[in-house]
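Novice: This structure is in structure tokens; I'll ask about it shortly.
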Protein chains: 2
Amino acid sequence: MTAESVIWTIAAIMPKPKFRRRKNERPQQIIRAALAAFAEKGFDATRVTDVARRAGVSKGLLYLYFRTKEELFKAVIKSVVLPRLEALSVNVARTDLTATEFLRGPYLEFAREVPRSPARVLVRLMIAEGPKHPDLTAWYWENVVARGLAILRRIIERGVAAGEFRRSTIEDYPQMLVAPVLFSVVWTSVFSPHHILDTDHYIESHLELLLEAISIKPQPEKAGKS
Amino acid sequence: MTAESVIWTIAAIMPKPKFRRRKNERPQQIIRAALAAFAEKGFDATRVTDVARRAGVSKGLLYLYFRTKEELFKAVIKSVVLPRLEALSVNVARTDLTATEFLRGPYLEFAREVPRSPARVLVRLMIAEGPKHPDLTAWYWENVVARGLAILRRIIERGVAAGEFRRSTIEDYPQMLVAPVLFSVVWTSVFSPHHILDTDHYIESHLELLLEAISIKPQPEKAGKS
DNA sequence: GCTATTGATGACCGGCCGGTCATTTGTGTA
DNA sequence: TACACAAATGACCGGCCGGTCATCAATAGC
């Protein structure tokens, strides 16, 4: 798994590139435990001891792999984001799909997945703790937000060029495609299980309406200016 | 001001309804200071002493008006929400507007205002701290979210009944109208001032696209089934 | 001016928690 | 069995912070 090596790179604390021996799933163990703990109680309220106990190790060991609690936090964020980022990149390469197909297919699937996955927790953590970790926020922006928006914008432009979409403000604000996802994440994080939202259906509906607004229907032959 | 008395009701700590004397702007003073402090550092990281200092009072006095730090937090949330809630209610009564006019007018104005106002901070706090305060979250849902969505749904239905809008999934998910607002709030809270988003323009554009998708254009006379 | 009452203070306390480190346990080598 | 060294432990420490309370200050009534 590349993801594994990636995590290692992140968590790398070992003196040099000479970490042999088998007890090397420790960092991931700890990261998983930390993700769960942070998800439940947030960063500040989570006790390092709790994370250690969840991971089935001692506090001392944890500090052998992560210099500080904050360092651990960053590792958690990155461990969730990086694999997902990779998955996204793969799909984008598929230029065999029209823009509409891409948005209704891979993108919709991705968007629906987010509110279910650990990414949900991640997003809430970024909103809650982001301002306290400027460097992490900067990293997140560059690697997740900017990249994601660029991809979406490219897709839209492809659609416009191909005559699928009319020109519209969505070219300026691909954020529109993300808004329902963020909304779903927040709703789920804050209100479930008390007030459930069918995020699958909601996200699809929202996307569909936007597509309807910008799609050019194959009209009964009436030469325009294109 | 009703808002003032409202705040008093909330912060009410005074033994009985016999709080005379003039030093009664204290609670609001403290609440304002607390809002600022929470906005900057979040709930946990904010020191009670800081709030007191900002308010220009001693820590002891603060505890004379608010039993605990958490109690103060709740008072802050409510002090921001309640006035805004009232303002919203007023506008909804204006049935002289068509649905489209209402959405393009008062609602758009309201939506644009949120990312600028203290409500922005409030929303971030609710996302970040909500899970730790279930009773507060429940209150927020009932008084803000449920009410707000009900209003929007009613507007949409009015539009459908009046033949302005076709039937669509937006009737099931008035959340669509809120999503861009939430998105703007989160973006601003997390990324500004490093990466600015023209929230005014974005929110309007998003809303406009949705309206386009559901609006029935006055077609050149062609009797349908309505 | 005197006193009762309430507004206001800030030193202090108790507990907690991030982080350390001296020590122990386990593993591989010979 | 013995040795070396890495993995792992958890008691401990120092500082911090929410909350208390003995005390003081200002005002009102007389």
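Going through the structure tokens in order, the chains are called A, B, and so on, while each chain numbers its residues from 1 and the ligands are numbered from 1 in the order shown.
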Find the nearest atom pair between each residue of chain D and chain A for residues within 12 Å, count only C-alpha atoms (C1' of nucleotides), give distances in Å to one decimal, sort rows by chain and ascending number, and present the table as JSON lines.
Specialist:
{"residue": "D:DA6", "atom": "C1'", "partner": "A:Arg21", "partner_atom": "CA", "distance": 9.5}
{"residue": "D:DA7", "atom": "C1'", "partner": "A:Leu61", "partner_atom": "CA", "distance": 8.4}
{"residue": "D:DA8", "atom": "C1'", "partner": "A:Leu61", "partner_atom": "CA", "distance": 6.1}
{"residue": "D:DT9", "atom": "C1'", "partner": "A:Ser58", "partner_atom": "CA", "distance": 6.4}
{"residue": "D:DG10", "atom": "C1'", "partner": "A:Ser58", "partner_atom": "CA", "distance": 7.6}
{"residue": "D:DA11", "atom": "C1'", "partner": "A:Gly60", "partner_atom": "CA", "distance": 11.2}
Novice: Give the residues of chain C that lie within 9 Å of chain B; count only C-alpha atoms (C1' of nucleotides), and format the answer as a list in words.
Specialist: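 Interface list for chain C against chain B: DG7, DA8, DT9 and DG10 of chain C.
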Novice: Within 6 Å of chain B, which residues of chain A are there when counting only C-alpha atoms? Please give them as a PDB file with C-alpha atoms, in the first residue's frame.
Specialist:
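Final file, iface.pdb:
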ATOM      1  CA  ALA A 128     -12.948  23.922  14.649  1.00  0.00           C
ATOM      2  CA  ALA A 179     -21.438  23.554  -0.958  1.00  0.00           C
ATOM      3  CA  PRO A 180     -23.955  20.712  -0.637  1.00  0.00           C
ATOM      4  CA  PHE A 183     -23.527  21.274   4.208  1.00  0.00           C
ATOM      5  CA  LEU A 209     -30.600  21.244 -10.119  1.00  0.00           C
ATOM      6  CA  GLU A 212     -30.269  21.687 -15.113  1.00  0.00           C
ATOM      7  CA  ALA A 213     -29.568  25.366 -14.751  1.00  0.00           C
TER       8      ALA A 213
END
Novice: As a tab-separated table (two decimals) with C-alpha atoms, in the first residue's frame, please: chain A after a least-squares superposition onto chain B using all C-alpha atoms matched in order.
Specialist:
chain	number	residue	atom	x	y	z
A	1	MET	CA	-34.78	47.51	23.04
A	2	THR	CA	-36.42	44.15	23.34
A	3	ALA	CA	-33.10	42.51	22.68
A	4	GLU	CA	-31.81	43.94	25.88
A	5	SER	CA	-34.56	42.51	27.99
A	6	VAL	CA	-34.13	39.25	26.17
A	7	ILE	CA	-30.51	39.09	27.11
A	8	TRP	CA	-31.48	39.77	30.63
A	9	THR	CA	-33.85	36.91	30.66
A	10	ILE	CA	-31.09	34.67	29.46
A	11	ALA	CA	-28.40	35.85	31.75
A	12	ALA	CA	-30.79	36.09	34.62
A	13	ILE	CA	-28.94	35.14	37.70
A	14	MET	CA	-30.24	37.83	39.98
A	15	PRO	CA	-32.26	36.37	42.85
A	16	LYS	CA	-35.67	37.49	41.68
A	17	PRO	CA	-37.28	39.97	39.33
A	18	LYS	CA	-36.04	42.78	41.56
A	19	PHE	CA	-32.83	43.87	39.87
A	20	ARG	CA	-32.82	47.61	40.14
A	21	ARG	CA	-29.78	49.87	40.20
A	22	ARG	CA	-27.90	50.93	37.16
A	23	LYS	CA	-24.94	48.56	36.96
A	24	ASN	CA	-26.99	46.24	34.84
A	25	GLU	CA	-25.23	46.45	31.54
A	26	ARG	CA	-22.62	44.14	33.07
A	27	PRO	CA	-23.91	40.87	31.60
A	28	GLN	CA	-23.97	42.27	28.10
A	29	GLN	CA	-20.54	43.71	28.59
A	30	ILE	CA	-19.28	40.30	29.56
A	31	ILE	CA	-21.15	38.56	26.78
A	32	ARG	CA	-19.67	40.87	24.20
A	33	ALA	CA	-16.20	40.25	25.54
A	34	ALA	CA	-16.83	36.53	25.58
A	35	LEU	CA	-18.04	36.52	22.00
A	36	ALA	CA	-14.84	38.20	20.89
A	37	ALA	CA	-12.69	35.85	22.91
A	38	PHE	CA	-14.47	32.70	21.79
A	39	ALA	CA	-14.28	33.90	18.21
A	40	GLU	CA	-10.53	34.18	18.46
A	41	LYS	CA	-9.63	31.08	20.38
A	42	GLY	CA	-12.60	28.77	20.65
A	43	PHE	CA	-14.29	27.67	23.83
A	44	ASP	CA	-11.69	25.53	25.58
A	45	ALA	CA	-8.72	27.69	24.76
A	46	THR	CA	-10.42	30.82	26.03
A	47	ARG	CA	-9.48	31.63	29.59
A	48	VAL	CA	-12.17	32.99	31.84
A	49	THR	CA	-9.64	35.50	33.05
A	50	ASP	CA	-9.22	36.79	29.51
A	51	VAL	CA	-12.92	37.30	29.10
A	52	ALA	CA	-13.03	39.18	32.37
A	53	ARG	CA	-10.08	41.36	31.42
A	54	ARG	CA	-11.60	42.15	28.03
A	55	ALA	CA	-14.80	43.14	29.73
A	56	GLY	CA	-12.84	45.25	32.16
A	57	VAL	CA	-14.03	43.39	35.19
A	58	SER	CA	-12.65	40.84	37.56
A	59	LYS	CA	-13.05	37.13	37.28
A	60	GLY	CA	-15.03	37.04	40.46
A	61	LEU	CA	-17.65	39.39	39.06
A	62	LEU	CA	-18.09	37.24	36.02
A	63	TYR	CA	-18.98	34.33	38.23
A	64	LEU	CA	-21.53	36.51	39.91
A	65	TYR	CA	-23.50	36.64	36.66
A	66	PHE	CA	-22.72	33.28	35.11
A	67	ARG	CA	-22.55	30.13	37.12
A	68	THR	CA	-20.00	28.42	34.89
A	69	LYS	CA	-17.99	28.98	31.77
A	70	GLU	CA	-20.41	26.80	29.87
A	71	GLU	CA	-23.35	28.86	31.05
A	72	LEU	CA	-21.58	31.88	29.68
A	73	PHE	CA	-21.10	30.13	26.38
A	74	LYS	CA	-24.78	29.42	26.05
A	75	ALA	CA	-25.63	33.00	26.89
A	76	VAL	CA	-23.29	34.16	24.14
A	77	ILE	CA	-24.87	31.93	21.53
A	78	LYS	CA	-28.36	32.98	22.45
A	79	SER	CA	-27.53	36.64	22.57
A	80	VAL	CA	-26.46	36.51	18.94
A	81	VAL	CA	-29.24	34.30	17.71
A	82	LEU	CA	-32.30	35.72	19.36
A	83	PRO	CA	-32.26	39.21	17.85
A	84	ARG	CA	-31.56	37.81	14.41
A	85	LEU	CA	-34.38	35.38	14.82
A	86	GLU	CA	-36.72	38.22	15.53
A	87	ALA	CA	-35.58	40.13	12.48
A	88	LEU	CA	-36.26	37.13	10.33
A	89	SER	CA	-39.75	36.63	11.69
A	90	VAL	CA	-40.66	40.19	10.82
A	91	ASN	CA	-39.72	39.78	7.18
A	92	VAL	CA	-41.55	36.54	6.78
A	93	ALA	CA	-44.83	38.22	7.53
A	94	ARG	CA	-44.49	40.21	4.34
A	95	THR	CA	-46.79	38.22	2.10
A	96	ASP	CA	-47.07	41.10	-0.30
A	97	LEU	CA	-44.02	39.75	-2.10
A	98	THR	CA	-44.02	36.88	-4.54
A	99	ALA	CA	-41.77	33.98	-3.68
A	100	THR	CA	-39.19	35.08	-6.23
A	101	GLU	CA	-39.23	38.60	-4.92
A	102	PHE	CA	-38.86	37.40	-1.38
A	103	LEU	CA	-35.89	35.20	-2.19
A	104	ARG	CA	-34.17	37.86	-4.28
A	105	GLY	CA	-34.96	40.55	-1.75
A	106	PRO	CA	-35.15	40.02	1.99
A	107	TYR	CA	-33.75	36.52	1.95
A	108	LEU	CA	-30.77	37.36	-0.21
A	109	GLU	CA	-30.04	40.33	1.98
A	110	PHE	CA	-30.23	38.19	5.08
A	111	ALA	CA	-28.07	35.49	3.54
A	112	ARG	CA	-25.41	37.96	2.52
A	113	GLU	CA	-25.36	39.51	5.94
A	114	VAL	CA	-24.62	36.31	7.83
A	115	PRO	CA	-20.99	35.81	6.78
A	116	ARG	CA	-20.23	39.35	7.87
A	117	SER	CA	-22.03	39.47	11.15
A	118	PRO	CA	-21.25	37.88	14.50
A	119	ALA	CA	-23.44	35.06	13.30
A	120	ARG	CA	-20.41	33.85	11.39
A	121	VAL	CA	-18.54	33.26	14.59
A	122	LEU	CA	-21.59	31.70	16.11
A	123	VAL	CA	-21.88	29.11	13.39
A	124	ARG	CA	-18.28	28.09	13.70
A	125	LEU	CA	-18.71	27.74	17.44
A	126	MET	CA	-21.78	25.60	16.99
A	127	ILE	CA	-19.94	23.32	14.61
A	128	ALA	CA	-16.91	23.09	16.83
A	129	GLU	CA	-18.52	22.90	20.24
A	130	GLY	CA	-22.01	21.67	19.45
A	131	PRO	CA	-21.31	18.00	20.07
A	132	LYS	CA	-20.10	18.86	23.55
A	133	HIS	CA	-23.30	20.69	24.43
A	134	PRO	CA	-26.22	18.48	23.45
A	135	ASP	CA	-28.87	20.57	25.12
A	136	LEU	CA	-27.64	23.70	23.43
A	137	THR	CA	-27.59	21.93	20.10
A	138	ALA	CA	-31.14	20.77	20.63
A	139	TRP	CA	-32.20	24.28	21.43
A	140	TYR	CA	-30.42	25.60	18.37
A	141	TRP	CA	-32.09	23.08	16.16
A	142	GLU	CA	-35.57	23.89	17.34
A	143	ASN	CA	-35.24	27.63	17.40
A	144	VAL	CA	-32.98	28.31	14.47
A	145	VAL	CA	-32.65	25.43	12.05
A	146	ALA	CA	-36.12	23.97	12.10
A	147	ARG	CA	-37.77	27.36	12.07
A	148	GLY	CA	-35.58	28.64	9.29
A	149	LEU	CA	-36.15	25.63	7.10
A	150	ALA	CA	-39.88	25.77	7.70
A	151	ILE	CA	-39.96	29.35	6.54
A	152	LEU	CA	-38.02	28.56	3.40
A	153	ARG	CA	-40.18	25.60	2.61
A	154	ARG	CA	-43.28	27.69	2.95
A	155	ILE	CA	-41.88	30.27	0.58
A	156	ILE	CA	-41.05	27.66	-2.01
A	157	GLU	CA	-44.47	26.12	-1.76
A	158	ARG	CA	-46.04	29.50	-2.16
A	159	GLY	CA	-44.03	29.94	-5.33
A	160	VAL	CA	-45.13	26.61	-6.68
A	161	ALA	CA	-48.76	27.34	-5.89
A	162	ALA	CA	-48.52	30.67	-7.65
A	163	GLY	CA	-47.08	29.11	-10.77
A	164	GLU	CA	-43.71	30.81	-10.37
A	165	PHE	CA	-41.83	27.59	-9.73
A	166	ARG	CA	-42.19	24.13	-11.11
A	167	ARG	CA	-42.24	21.26	-8.64
A	168	SER	CA	-38.72	20.22	-7.78
A	169	THR	CA	-36.54	18.60	-5.18
A	170	ILE	CA	-35.94	21.98	-3.60
A	171	GLU	CA	-39.30	21.53	-1.92
A	172	ASP	CA	-37.85	18.54	-0.12
A	173	TYR	CA	-34.53	20.18	0.55
A	174	PRO	CA	-34.80	23.88	1.25
A	175	GLN	CA	-31.33	23.29	2.62
A	176	MET	CA	-30.16	24.09	-0.88
A	177	LEU	CA	-30.85	27.72	-0.21
A	178	VAL	CA	-28.79	27.62	2.95
A	179	ALA	CA	-25.82	25.65	1.67
A	180	PRO	CA	-24.08	28.60	0.00
A	181	VAL	CA	-24.48	30.64	3.15
A	182	LEU	CA	-22.94	27.96	5.30
A	183	PHE	CA	-20.20	27.51	2.77
A	184	SER	CA	-19.41	31.20	2.84
A	185	VAL	CA	-19.36	31.26	6.59
A	186	VAL	CA	-16.99	28.35	6.81
A	187	TRP	CA	-14.71	29.65	4.10
A	188	THR	CA	-14.50	33.02	5.72
A	189	SER	CA	-13.94	31.60	9.15
A	190	VAL	CA	-11.19	29.28	8.09
A	191	PHE	CA	-9.38	30.92	5.22
A	192	SER	CA	-9.74	34.64	5.40
A	193	PRO	CA	-7.85	36.80	5.21
A	194	HIS	CA	-5.48	34.62	3.24
A	195	HIS	CA	-7.87	33.52	0.58
A	196	ILE	CA	-10.84	35.74	0.11
A	197	LEU	CA	-14.13	34.75	-1.40
A	198	ASP	CA	-16.55	37.36	-2.65
A	199	THR	CA	-19.34	35.93	-0.57
A	200	ASP	CA	-21.83	38.54	-1.72
A	201	HIS	CA	-21.39	37.65	-5.31
A	202	TYR	CA	-21.07	33.94	-4.69
A	203	ILE	CA	-24.23	33.68	-2.65
A	204	GLU	CA	-26.22	35.69	-5.14
A	205	SER	CA	-24.91	33.62	-8.04
A	206	HIS	CA	-25.69	30.36	-6.36
A	207	LEU	CA	-29.19	31.48	-5.48
A	208	GLU	CA	-29.75	32.78	-8.97
A	209	LEU	CA	-28.77	29.50	-10.57
A	210	LEU	CA	-31.13	27.61	-8.34
A	211	LEU	CA	-33.93	29.99	-9.20
A	212	GLU	CA	-33.23	29.57	-12.88
A	213	ALA	CA	-33.49	25.83	-12.50
A	214	ILE	CA	-36.91	25.95	-10.91
A	215	SER	CA	-38.47	29.04	-12.44
A	216	ILE	CA	-41.19	28.66	-14.97
A	217	LYS	CA	-40.58	31.17	-17.71
A	218	PRO	CA	-43.70	32.78	-19.01
A	219	GLN	CA	-43.77	30.77	-22.21
A	220	PRO	CA	-45.39	31.89	-25.44
A	221	GLU	CA	-48.82	30.55	-24.62
A	222	LYS	CA	-48.92	26.81	-24.78
A	223	ALA	CA	-51.45	25.32	-22.41
A	224	GLY	CA	-49.86	22.68	-20.23
A	225	LYS	CA	-51.42	20.72	-17.43
A	226	SER	CA	-51.74	23.56	-14.99
Novice: Take C1' of DC17 (chain C) and C1' of DG14 (chain D) and report the distance between them in Å, one decimal.
Specialist: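 Those two atoms sit 10.7 Å apart.
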Novice: Could you pull out the alpha helix (DSSP H) residues of region 37-215 of chain A from DSSP and send them as a ChimeraX atom specification?
Specialist: /A:37-45,48-55,59-65,69-92,99-102,108-113,118-129,134-140,147-161,175-191,199-214
Novice: Counting only C-alpha atoms (C1' of nucleotides), what is within 12 Å of DC30 (chain D), bar same-chain residues fewer than 2 positions away, as a PyMOL selection string?
Specialist: (chain C and resi 1-4) or (chain D and resi 28)
Novice: Now that the selection is made, can you save its residues with N, CA and C atoms (P, O5', C5', C4', C3', O3' and C1' of nucleotides) as a PDB file, in the first residue's frame?
Specialist:
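This went into part.pdb:
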ATOM      1  P    DG C   1     -18.563  64.117  57.689  1.00  0.00           P
ATOM      2  O5'  DG C   1     -19.795  63.537  58.504  1.00  0.00           O
ATOM      3  C5'  DG C   1     -19.932  63.681  59.914  1.00  0.00           C
ATOM      4  C4'  DG C   1     -20.668  62.471  60.440  1.00  0.00           C
ATOM      5  C3'  DG C   1     -19.889  61.167  60.395  1.00  0.00           C
ATOM      6  O3'  DG C   1     -20.267  60.434  61.555  1.00  0.00           O
ATOM      7  C1'  DG C   1     -21.860  60.897  59.143  1.00  0.00           C
ATOM      8  P    DC C   2     -19.360  59.373  62.165  1.00  0.00           P
ATOM      9  O5'  DC C   2     -20.327  58.116  62.146  1.00  0.00           O
ATOM     10  C5'  DC C   2     -21.639  58.255  62.712  1.00  0.00           C
ATOM     11  C4'  DC C   2     -22.504  57.110  62.233  1.00  0.00           C
ATOM     12  C3'  DC C   2     -21.767  55.774  62.072  1.00  0.00           C
ATOM     13  O3'  DC C   2     -22.459  54.784  62.803  1.00  0.00           O
ATOM     14  C1'  DC C   2     -23.048  56.246  60.144  1.00  0.00           C
ATOM     15  P    DT C   3     -21.815  53.324  62.993  1.00  0.00           P
ATOM     16  O5'  DT C   3     -22.827  52.452  62.131  1.00  0.00           O
ATOM     17  C5'  DT C   3     -24.223  52.717  62.201  1.00  0.00           C
ATOM     18  C4'  DT C   3     -24.933  51.958  61.100  1.00  0.00           C
ATOM     19  C3'  DT C   3     -24.386  50.549  60.841  1.00  0.00           C
ATOM     20  O3'  DT C   3     -25.480  49.681  60.646  1.00  0.00           O
ATOM     21  C1'  DT C   3     -24.430  51.753  58.844  1.00  0.00           C
ATOM     22  P    DA C   4     -25.385  48.122  60.804  1.00  0.00           P
ATOM     23  O5'  DA C   4     -26.262  47.645  59.555  1.00  0.00           O
ATOM     24  C5'  DA C   4     -27.492  48.321  59.295  1.00  0.00           C
ATOM     25  C4'  DA C   4     -27.925  48.047  57.860  1.00  0.00           C
ATOM     26  C3'  DA C   4     -27.731  46.607  57.393  1.00  0.00           C
ATOM     27  O3'  DA C   4     -28.856  46.251  56.603  1.00  0.00           O
ATOM     28  C1'  DA C   4     -26.470  48.052  56.012  1.00  0.00           C
TER      29       DA C   4
ATOM     30  P    DA D  28     -27.047  55.755  44.922  1.00  0.00           P
ATOM     31  O5'  DA D  28     -27.990  55.226  46.096  1.00  0.00           O
ATOM     32  C5'  DA D  28     -28.255  53.821  46.216  1.00  0.00           C
ATOM     33  C4'  DA D  28     -29.103  53.583  47.444  1.00  0.00           C
ATOM     34  C3'  DA D  28     -30.096  54.700  47.771  1.00  0.00           C
ATOM     35  O3'  DA D  28     -31.290  54.120  48.263  1.00  0.00           O
ATOM     36  C1'  DA D  28     -28.585  54.462  49.577  1.00  0.00           C
TER      37       DA D  28
END
